[in-house]
>>> print(open('data.csv').read())   # CSV, C-alpha atoms and all ligand atoms
chain,number,residue,atom,x,y,z
A,1,MET,CA,52.3,107.8,136.0
A,2,LYS,CA,49.8,108.4,138.8
A,3,THR,CA,46.6,109.5,137.1
A,4,GLU,CA,45.0,110.7,140.3
A,5,LYS,CA,44.9,114.4,141.0
A,6,LEU,CA,46.3,115.9,144.2
A,7,LEU,CA,43.8,118.5,145.7
A,8,VAL,CA,45.6,121.2,147.6
A,9,PHE,CA,43.3,123.3,149.9
A,10,ILE,CA,44.9,126.7,150.1
A,11,GLY,CA,42.6,128.1,152.9
A,12,PRO,CA,39.0,129.3,153.3
A,13,ALA,CA,39.3,133.0,152.4
A,14,CYS,CA,37.1,134.1,149.5
A,15,ASN,CA,35.9,137.2,147.7
A,16,ASN,CA,32.4,135.8,147.5
A,17,ASN,CA,30.0,134.9,150.3
A,18,CYS,CA,28.0,132.0,148.8
A,19,ILE,CA,24.9,130.6,150.5
A,20,PHE,CA,26.1,127.1,149.7
A,21,CYS,CA,29.8,127.4,150.8
A,22,SER,CA,30.9,124.4,152.7
A,23,VAL,CA,34.0,126.1,154.2
A,24,SER,CA,32.4,129.4,155.3
A,25,ASP,CA,32.6,128.5,159.0
A,26,ARG,CA,36.3,128.0,158.7
A,27,ARG,CA,36.8,131.7,157.8
A,28,LYS,CA,35.8,132.8,161.3
A,29,ASN,CA,38.9,131.3,163.0
A,30,GLU,CA,41.2,130.0,160.3
A,31,LEU,CA,43.7,131.9,158.2
A,32,ASP,CA,44.7,130.8,154.8
A,33,ARG,CA,47.7,128.4,154.8
A,34,SER,CA,51.2,129.8,154.5
A,35,THR,CA,53.2,129.7,151.3
A,36,GLU,CA,55.7,127.3,152.9
A,37,ASP,CA,53.0,125.0,154.2
A,38,ILE,CA,51.5,124.6,150.8
A,39,LYS,CA,55.0,124.2,149.1
A,40,LYS,CA,55.6,121.3,151.6
A,41,GLU,CA,52.4,119.7,150.5
A,42,ILE,CA,53.4,120.1,146.8
A,43,LEU,CA,56.7,118.4,147.5
A,44,LEU,CA,54.9,115.6,149.4
A,45,GLY,CA,52.7,115.1,146.4
A,46,LYS,CA,55.7,115.0,144.1
A,47,GLU,CA,57.3,112.3,146.3
A,48,LYS,CA,54.1,110.3,146.1
A,49,GLY,CA,54.2,110.4,142.3
A,50,PHE,CA,51.4,112.8,141.6
A,51,LYS,CA,51.6,114.6,138.2
A,52,LYS,CA,48.3,116.5,138.5
A,53,ILE,CA,47.5,119.1,141.1
A,54,GLU,CA,44.6,121.4,141.7
A,55,PHE,CA,44.5,124.3,144.1
A,56,ILE,CA,41.1,124.7,145.8
A,57,GLY,CA,39.7,126.9,148.5
A,58,GLY,CA,38.3,129.3,149.4
A,59,GLU,CA,39.4,131.2,146.4
A,60,PRO,CA,43.0,130.5,145.2
A,61,THR,CA,43.1,133.6,143.0
A,62,ILE,CA,43.0,136.1,145.8
A,63,ARG,CA,46.3,134.9,147.2
A,64,ARG,CA,49.2,137.1,146.5
A,65,ASP,CA,51.4,134.0,146.0
A,66,ILE,CA,49.2,132.1,143.6
A,67,CYS,CA,51.5,132.6,140.6
A,68,GLU,CA,54.5,131.6,142.8
A,69,LEU,CA,52.7,128.4,143.9
A,70,VAL,CA,51.7,127.5,140.4
A,71,PHE,CA,55.3,128.0,139.3
A,72,PHE,CA,56.6,125.9,142.2
A,73,ALA,CA,54.3,123.1,141.1
A,74,LYS,CA,55.5,123.4,137.5
A,75,ASN,CA,59.2,123.4,138.6
A,76,ASN,CA,58.6,120.2,140.6
A,77,GLY,CA,57.3,118.2,137.7
A,78,PHE,CA,53.6,118.6,137.9
A,79,GLU,CA,52.2,118.4,134.4
A,80,LYS,CA,48.6,119.4,134.9
A,81,ILE,CA,48.2,122.3,137.2
A,82,SER,CA,44.7,123.7,137.8
A,83,ILE,CA,42.6,125.9,140.1
A,84,THR,CA,39.0,125.9,141.0
A,85,THR,CA,37.9,129.5,141.0
A,86,ASN,CA,34.9,131.8,141.1
A,87,GLY,CA,36.7,133.4,138.2
A,88,ARG,CA,36.2,137.0,139.3
A,89,MET,CA,40.0,137.8,139.4
A,90,LEU,CA,40.3,136.3,135.9
A,91,SER,CA,38.3,139.3,134.6
A,92,TYR,CA,41.7,141.1,134.7
A,93,GLU,CA,43.6,140.1,131.6
A,94,LYS,CA,47.0,140.8,133.0
A,95,PHE,CA,46.4,138.5,135.9
A,96,CYS,CA,45.3,135.7,133.4
A,97,ASN,CA,48.5,136.2,131.5
A,98,ASP,CA,50.6,136.0,134.7
A,99,LEU,CA,48.9,132.8,135.8
A,100,ILE,CA,49.3,131.1,132.4
A,101,LYS,CA,52.9,132.2,132.2
A,102,SER,CA,53.5,130.7,135.6
A,103,GLY,CA,52.4,127.3,134.3
A,104,LEU,CA,48.6,127.1,135.0
A,105,ASN,CA,47.1,124.9,132.3
A,106,ALA,CA,43.6,124.1,133.6
A,107,ILE,CA,40.9,126.2,135.2
A,108,CYS,CA,37.5,125.1,136.6
A,109,PHE,CA,35.1,128.0,136.9
A,110,SER,CA,32.3,128.0,139.5
A,111,LEU,CA,29.1,129.0,137.7
A,112,ASN,CA,25.8,128.7,139.4
A,113,ALA,CA,23.4,131.0,137.5
A,114,THR,CA,22.9,132.6,134.1
A,115,ASN,CA,21.4,135.8,135.3
A,116,ASN,CA,22.4,138.4,137.8
A,117,GLU,CA,19.1,138.3,139.8
A,118,ILE,CA,19.7,134.7,140.8
A,119,ASN,CA,23.4,134.9,141.0
A,120,LYS,CA,23.4,137.7,143.5
A,121,LYS,CA,21.0,135.7,145.7
A,122,ILE,CA,23.6,132.9,145.6
A,123,ASN,CA,26.8,134.8,146.2
A,124,LYS,CA,25.6,138.2,147.5
A,125,SER,CA,27.6,140.1,144.9
A,126,GLU,CA,26.2,142.5,142.2
A,127,VAL,CA,29.2,142.1,140.0
A,128,ALA,CA,30.4,138.6,140.4
A,129,LEU,CA,28.6,137.0,137.5
A,130,LYS,CA,29.7,139.7,135.1
A,131,GLN,CA,33.3,139.2,136.3
A,132,THR,CA,33.1,135.4,136.0
A,133,LEU,CA,31.8,135.5,132.5
A,134,LYS,CA,34.5,138.1,131.6
A,135,GLY,CA,37.1,135.7,133.1
A,136,MET,CA,35.8,132.8,130.9
A,137,ASP,CA,35.9,135.1,127.9
A,138,ASN,CA,39.5,136.1,128.7
A,139,LEU,CA,40.6,132.5,129.1
A,140,LYS,CA,39.0,131.0,126.0
A,141,LYS,CA,41.7,132.5,123.8
A,142,PHE,CA,44.4,130.3,125.5
A,143,GLU,CA,44.1,127.2,123.4
A,144,LYS,CA,46.3,125.1,125.6
A,145,VAL,CA,44.5,125.8,128.8
A,146,HIS,CA,41.8,123.3,129.6
A,147,LEU,CA,38.6,125.0,130.8
A,148,SER,CA,35.7,123.4,132.8
A,149,VAL,CA,32.8,124.5,134.9
A,150,ASN,CA,31.6,123.4,138.3
A,151,THR,CA,27.9,123.9,139.3
A,152,ILE,CA,26.5,123.2,142.7
A,153,VAL,CA,22.9,122.1,142.4
A,154,GLN,CA,20.5,124.0,144.7
A,155,LYS,CA,17.0,125.4,144.9
A,156,LEU,CA,17.8,128.6,143.1
A,157,ASN,CA,19.4,126.9,140.0
A,158,TYR,CA,18.2,123.4,139.6
A,159,LYS,CA,15.4,124.3,137.2
A,160,SER,CA,17.8,126.3,135.0
A,161,LEU,CA,20.6,123.6,134.6
A,162,ASN,CA,19.7,123.5,130.9
A,163,GLU,CA,20.3,127.2,130.5
A,164,ILE,CA,23.6,126.9,132.5
A,165,SER,CA,24.7,124.2,130.1
A,166,LYS,CA,24.0,126.4,127.1
A,167,LEU,CA,25.9,129.3,128.6
A,168,ILE,CA,28.9,127.0,129.3
A,169,SER,CA,28.8,125.7,125.7
A,170,SER,CA,28.7,129.3,124.4
A,171,PHE,CA,32.3,129.7,125.6
A,172,GLY,CA,33.4,126.4,123.9
A,173,ILE,CA,33.8,124.7,127.3
A,174,LYS,CA,33.5,120.9,127.0
A,175,GLU,CA,33.7,119.6,130.5
A,176,TRP,CA,31.1,120.2,133.3
A,177,TYR,CA,31.1,119.2,136.9
A,178,ILE,CA,27.7,119.0,138.6
A,179,ALA,CA,27.8,118.6,142.3
A,180,ASN,CA,25.3,118.0,145.1
A,181,LEU,CA,25.4,120.4,148.0
A,182,VAL,CA,27.7,119.3,150.8
A,183,PRO,CA,25.8,120.1,154.0
A,184,ASP,CA,28.6,121.9,155.9
A,185,GLY,CA,29.3,125.6,156.6
A,186,ALA,CA,26.8,128.0,155.0
A,187,ALA,CA,25.2,125.1,153.2
A,188,LYS,CA,24.4,123.4,156.5
A,189,HIS,CA,23.0,126.6,158.0
A,190,ASN,CA,20.8,127.3,154.9
A,191,TYR,CA,20.1,123.6,154.1
A,192,LEU,CA,16.4,123.6,154.4
A,193,ASP,CA,16.1,126.7,152.3
A,194,ILE,CA,18.5,125.7,149.5
A,195,LEU,CA,18.4,121.9,149.2
A,196,VAL,CA,16.5,120.3,146.4
A,197,ARG,CA,14.5,117.1,147.1
A,198,LEU,CA,15.8,114.1,145.3
A,199,LYS,CA,12.4,113.5,143.7
A,200,GLU,CA,12.6,117.0,142.2
A,201,ILE,CA,16.2,116.8,140.8
A,202,LYS,CA,15.9,113.2,139.6
A,203,PRO,CA,13.8,113.9,136.4
A,204,ILE,CA,15.8,117.1,135.6
A,205,ILE,CA,19.2,115.6,135.9
A,206,ASN,CA,18.3,112.5,134.0
A,207,ASN,CA,16.9,114.5,131.2
A,208,LEU,CA,19.9,116.8,131.2
A,209,LEU,CA,22.4,113.9,131.1
A,210,LYS,CA,20.7,112.0,128.4
A,211,ASP,CA,21.4,114.8,126.0
A,212,ILE,CA,25.0,115.9,126.4
A,213,GLU,CA,26.1,116.4,122.8
A,214,ASP,CA,27.8,119.7,123.5
A,215,PHE,CA,30.1,118.2,126.2
A,216,GLU,CA,33.0,115.8,126.0
A,217,SER,CA,32.5,114.9,129.6
A,218,ILE,CA,30.1,115.5,132.5
A,219,ASN,CA,31.1,114.6,136.0
A,220,VAL,CA,28.4,114.2,138.6
A,221,PHE,CA,29.3,114.3,142.3
A,222,ASP,CA,27.7,113.2,145.6
A,223,PHE,CA,24.2,112.2,144.6
A,224,PRO,CA,22.9,108.8,145.8
A,225,LEU,CA,23.5,106.5,142.8
A,226,CYS,CA,19.9,105.4,142.7
A,227,ILE,CA,18.7,108.8,141.4
A,228,PHE,CA,20.3,108.0,138.0
A,229,ASN,CA,18.5,106.1,135.3
A,230,LYS,CA,20.2,102.9,134.2
A,231,GLU,CA,21.4,104.2,130.8
A,232,ILE,CA,23.3,107.0,132.5
A,233,PHE,CA,25.8,104.5,133.9
A,234,SER,CA,26.7,103.2,130.5
A,235,ASN,CA,27.2,106.6,128.9
A,236,LYS,CA,31.0,106.9,128.4
A,237,LYS,CA,30.9,110.7,128.5
A,238,ILE,CA,29.4,110.7,132.0
A,239,ASN,CA,31.4,110.0,135.2
A,240,ILE,CA,29.5,109.5,138.4
A,241,TYR,CA,31.4,109.9,141.6
A,242,SER,CA,30.3,108.6,145.0
A,243,LEU,CA,32.5,107.0,147.6
A,244,ASN,CA,33.9,104.0,145.7
A,245,TYR,CA,32.1,104.6,142.5
A,246,SER,CA,35.0,106.3,140.7
A,247,SER,CA,37.8,108.1,142.5
A,248,VAL,CA,40.2,110.5,140.9
A,249,VAL,CA,41.3,112.9,143.6
A,250,THR,CA,43.3,112.7,146.8
A,251,GLN,CA,43.6,115.4,149.5
A,252,ILE,CA,46.6,115.1,151.9
A,253,GLY,CA,46.2,118.2,154.1
A,254,GLY,CA,44.1,121.2,154.7
A,255,GLN,CA,40.9,119.4,155.9
A,256,SER,CA,39.2,120.6,159.1
A,257,LYS,CA,37.9,117.1,159.5
A,258,LYS,CA,38.7,114.0,157.6
A,259,ARG,CA,35.7,113.4,155.5
A,260,LEU,CA,36.5,110.0,154.1
A,261,THR,CA,37.7,106.9,156.0
A,262,TYR,CA,39.6,104.3,154.1
A,263,LYS,CA,40.0,100.6,154.7
A,264,THR,CA,43.1,99.0,153.1
A,265,GLY,CA,44.2,100.4,149.8
A,266,LYS,CA,41.7,102.8,148.2
A,267,GLN,CA,38.5,101.1,149.4
A,268,THR,CA,36.5,103.9,151.1
A,269,ILE,CA,34.4,102.8,153.9
A,270,ARG,CA,32.8,105.9,155.2
A,271,ASP,CA,31.9,109.5,154.4
A,272,ILE,CA,31.2,111.4,157.6
A,273,TYR,CA,28.5,113.5,156.0
A,274,LYS,CA,26.5,110.5,154.8
A,275,ILE,CA,24.5,107.5,156.0
A,276,LYS,CA,23.5,104.2,154.6
A,277,THR,CA,19.9,103.6,155.5
A,278,GLU,CA,18.1,100.2,156.0
A,279,LYS,CA,17.0,100.5,152.3
A,280,CYS,CA,20.7,100.7,151.3
A,281,MET,CA,21.4,97.4,153.0
A,282,GLU,CA,19.3,95.7,150.3
A,283,CYS,CA,21.1,97.5,147.5
A,284,ILE,CA,23.8,95.8,145.4
A,285,LEU,CA,25.7,99.1,145.0
A,286,LYS,CA,25.9,99.8,148.8
A,287,GLU,CA,29.7,99.3,148.8
A,288,LYS,CA,30.2,101.7,146.0
A,289,CYS,CA,27.6,104.4,146.8
A,290,GLY,CA,28.1,107.0,149.6
A,291,GLY,CA,24.4,106.9,150.5
A,292,LEU,CA,22.4,109.8,151.7
A,293,TRP,CA,23.5,113.0,153.4
A,294,LYS,CA,22.8,112.6,157.2
A,295,ASP,CA,21.1,116.1,157.2
A,296,TYR,CA,18.8,115.1,154.3
A,297,PHE,CA,17.9,111.8,156.0
A,298,LYS,CA,17.0,113.7,159.2
A,299,LEU,CA,14.6,116.0,157.3
A,300,TRP,CA,13.1,113.7,154.7
A,301,GLY,CA,14.0,110.1,155.5
A,302,ASP,CA,14.9,107.6,152.8
A,303,GLU,CA,11.6,107.2,151.0
A,304,GLU,CA,13.1,108.4,147.7
A,305,LEU,CA,15.8,105.8,147.6
A,306,ILE,CA,15.3,102.9,145.3
A,307,PRO,CA,17.9,100.2,146.0
A,308,PHE,CA,19.5,98.5,143.0
A,309,SER,CA,18.7,94.8,142.6
A,310,GLU,CA,20.7,92.1,140.8
A,311,SER,CA,19.0,93.0,137.5
A,312,PHE,CA,21.0,96.2,137.4
A,313,LEU,CA,24.2,94.2,136.6
B,401,LIG,S1,19.8,102.6,147.8
B,401,LIG,FE1,21.4,103.5,149.1
B,401,LIG,S2,23.3,102.4,148.5
B,401,LIG,FE2,21.8,102.0,146.9
B,401,LIG,S3,22.1,103.6,145.4
B,401,LIG,FE3,20.5,104.4,146.7
B,401,LIG,S4,21.6,105.6,148.3
B,401,LIG,FE4,23.1,104.3,147.3
>>> encode(input="data.csv", output="C-alpha cells", more="lines below")
Ligand code: SF4
Amino acid sequence: MKTEKLLVFIGPACNNNCIFCSVSDRRKNELDRSTEDIKKEILLGKEKGFKKIEFIGGEPTIRRDICELVFFAKNNGFEKISITTNGRMLSYEKFCNDLIKSGLNAICFSLNATNNEINKKINKSEVALKQTLKGMDNLKKFEKVHLSVNTIVQKLNYKSLNEISKLISSFGIKEWYIANLVPDGAAKHNYLDILVRLKEIKPIINNLLKDIEDFESINVFDFPLCIFNKEIFSNKKINIYSLNYSSVVTQIGGQSKKRLTYKTGKQTIRDIYKIKTEKCMECILKEKCGGLWKDYFKLWGDEELIPFSESFL
C-alpha cells in the first residue's frame, strides 16, 4: 500500500483573511475547482495507488460539496481521508456529524494563537478563534477521528509556541505540525512585518522540541535544517521535512506554479521559493535540505546558516 498522502487543493476561497496566507493572491482571479475536476483527481489518485487523501485550500469546509467529495473518496477506496481547516465551520455540531458520516476520519486544525487579541491580528476575525476552539471541542468526542494541529510560525506567535502546545494538549490532541511561512501571497506582501529571524526562532524551537512529552509526533516543515540541534534529528517523535529530508505528500493538480522540481524518481532537486547559498555548498546535507527562502536571503543574507560537517553523521 502506498504510504504517501495525496494532497488535493480544492481552491483558494476562505472564510478567513490571514496575514500569512500563501494563496491569498489566487482569490483575486481564481474560482474554487469544480466538483467534477476534484473527483477526476481523486480517481487519478486511486489509479496511482494512493490510500490517504487530504483536502487543502483555501478552506475546504466552506464548499457545499465537501461531504460529497469526502464520500466519493471513501467509495473509491481511500482509507484515510482528512482535511486541513481553520475549523470555524466545525463549531456547528450538525456539520461535524455530516462530515464524519461521509467518511472523514482525520482533521488538521490551523491554530496560530491562544488569545483573541493576537488571533484577530493574524486572521482579521473577532470570532474565528472561538469557533476554532469550539470545533476542536466538538471533534474530540469522535474517538476514531484523528486530530492534529497546524501552526505557522510568525512574529505574532513565535514567542507563544509553548502556550499553543499546551492549548493543543488540553484537547487531547497528540500530533502537531509546525511550519515556516511560505513567502507567497499575503505572506510575501507582509513578509518583513511577519517573518521571524532564524536566530530568534532557533533557541525557541529547539527548546520546544526537546520537551515534547505531551505529543506522539511533531512534524516541522520548511526550516533550513541547520537551525535544529543535533539531538532533534535522532528524536523518533520528531519528523523534519525539507526537500529530500522526508517526504510524505504528493500534489498532482491545483498548483498555480509547480513548487518542486524532481529529478528521476522522488529525488527533489529544486524548490522555486528557496536558494542554496555558497555556505550550503559546504554542507553535507545540501542534497536533502531545501536551503533558505529567496525572500529571506534578499533581506538578511545567509549569515545565520551553519553548514553541517562530516561530524554530523
Ligand atoms: S547550510 Fe544550507 S544546506 Fe546546510 S542545512 Fe543550512 S540551509 Fe540547509
>>> closest_residue(input="data.csv", among="A:Glu163, A:Glu126, A:Glu59, A:Asp302", to="ligand LIG 401 (chain B)", atoms="all atoms listed in the file")
A:Asp302
>>> closest_residue(input="data.csv", among="A:Lys274, A:Ser311, A:Ile164, A:Pro224", to="ligand LIG 401 (chain B)", atoms="all atoms listed in the file")
A:Pro224
>>> residues_near_ligand(input="data.csv", ligand="ligand LIG 401 (chain B)", cutoff="6 Å", atoms="all atoms listed in the file", output="number ranges by chain")
A: 224-226, 276, 279-280, 283, 285-286, 289, 291-292, 305-308
>>> closest_residue(input="data.csv", among="A:Glu4, A:Asp65, A:Glu216, A:Asp137", to="Cys96 in chain A", atoms="only C-alpha atoms")
A:Asp137
>>> residues_around(input="data.csv", residues="range 101-115 of chain A", least_positions_apart="3", cutoff="8 Å", atoms="only C-alpha atoms", output="ChimeraX atom specification")
/A:67-68,70-71,74,80-87,97-98,118-119,122,129,132,136,144-153,157,160,163-164,167
>>> residues_around(input="data.csv", residues="Ser234 in chain A", least_positions_apart="3", cutoff="12 Å", atoms="all atoms listed in the file", output="PyMOL selection string")
chain A and resi 209-210+228-231+237-240+312-313
>>> write_last_selection(input="data.csv", atoms="C-alpha atoms", output="compact mmCIF listing (two decimals), in the coordinates of the input")
# COMPACT_ATOMS: atom_id res chain seq x y z
CA LEU A 209 22.40 113.90 131.10
CA LYS A 210 20.70 112.00 128.40
CA PHE A 228 20.30 108.00 138.00
CA ASN A 229 18.50 106.10 135.30
CA LYS A 230 20.20 102.90 134.20
CA GLU A 231 21.40 104.20 130.80
CA LYS A 237 30.90 110.70 128.50
CA ILE A 238 29.40 110.70 132.00
CA ASN A 239 31.40 110.00 135.20
CA ILE A 240 29.50 109.50 138.40
CA PHE A 312 21.00 96.20 137.40
CA LEU A 313 24.20 94.20 136.60
>>> atom_distance(input="data.csv", atom1="CA of Tyr273 in chain A", atom2="CA of Glu303 in chain A")
18.7 Å
>>> atom_distance(input="data.csv", atom1="CA of His189 in chain A", atom2="CA of Lys121 in chain A")
15.4 Å
>>> atom_distance(input="data.csv", atom1="CA of Leu7 in chain A", atom2="CA of Asn29 in chain A")
22.1 Å
>>> axis_aligned_box(input="data.csv", around="range 25-30 of chain A", padding_each_side="5 Å", output="JSON")
{"center_x": 36.9, "center_y": 130.4, "center_z": 160.4, "size_x": 18.6, "size_y": 14.8, "size_z": 15.2}
>>> closest_residue(input="data.csv", among="A:Pro203, A:Gly290, A:Gly58, A:Gly172", to="Phe223 in chain A", atoms="all atoms listed in the file")
A:Gly290
>>> residues_around(input="data.csv", residues="Gly301 in chain A", least_positions_apart="4", cutoff="9 Å", atoms="only C-alpha atoms", output="ChimeraX atom specification")
/A:277,296-297
>>> residues_around(input="data.csv", residues="Tyr92 in chain A", least_positions_apart="5", cutoff="9 Å", atoms="all atoms listed in the file", output="number ranges by chain")
A: 97, 131, 134-135, 138
>>> residues_near_point(input="data.csv", point="(51.0, 112.8, 135.7)", cutoff="12 Å", atoms="only C-alpha atoms", output="ChimeraX atom specification")
/A:1-6,45-46,48-53,74,76-81
>>> residues_around(input="data.csv", residues="Lys159 in chain A", least_positions_apart="5", cutoff="10 Å", atoms="all atoms listed in the file", output="list in words")
Val153, Gln154, Ile164, Glu200, Ile201, Ile204 and Ile205 of chain A
>>> closest_residue(input="data.csv", among="A:Leu208, A:Asp193, A:Gly185, A:Lys140", to="Leu161 in chain A", atoms="all atoms listed in the file")
A:Leu208
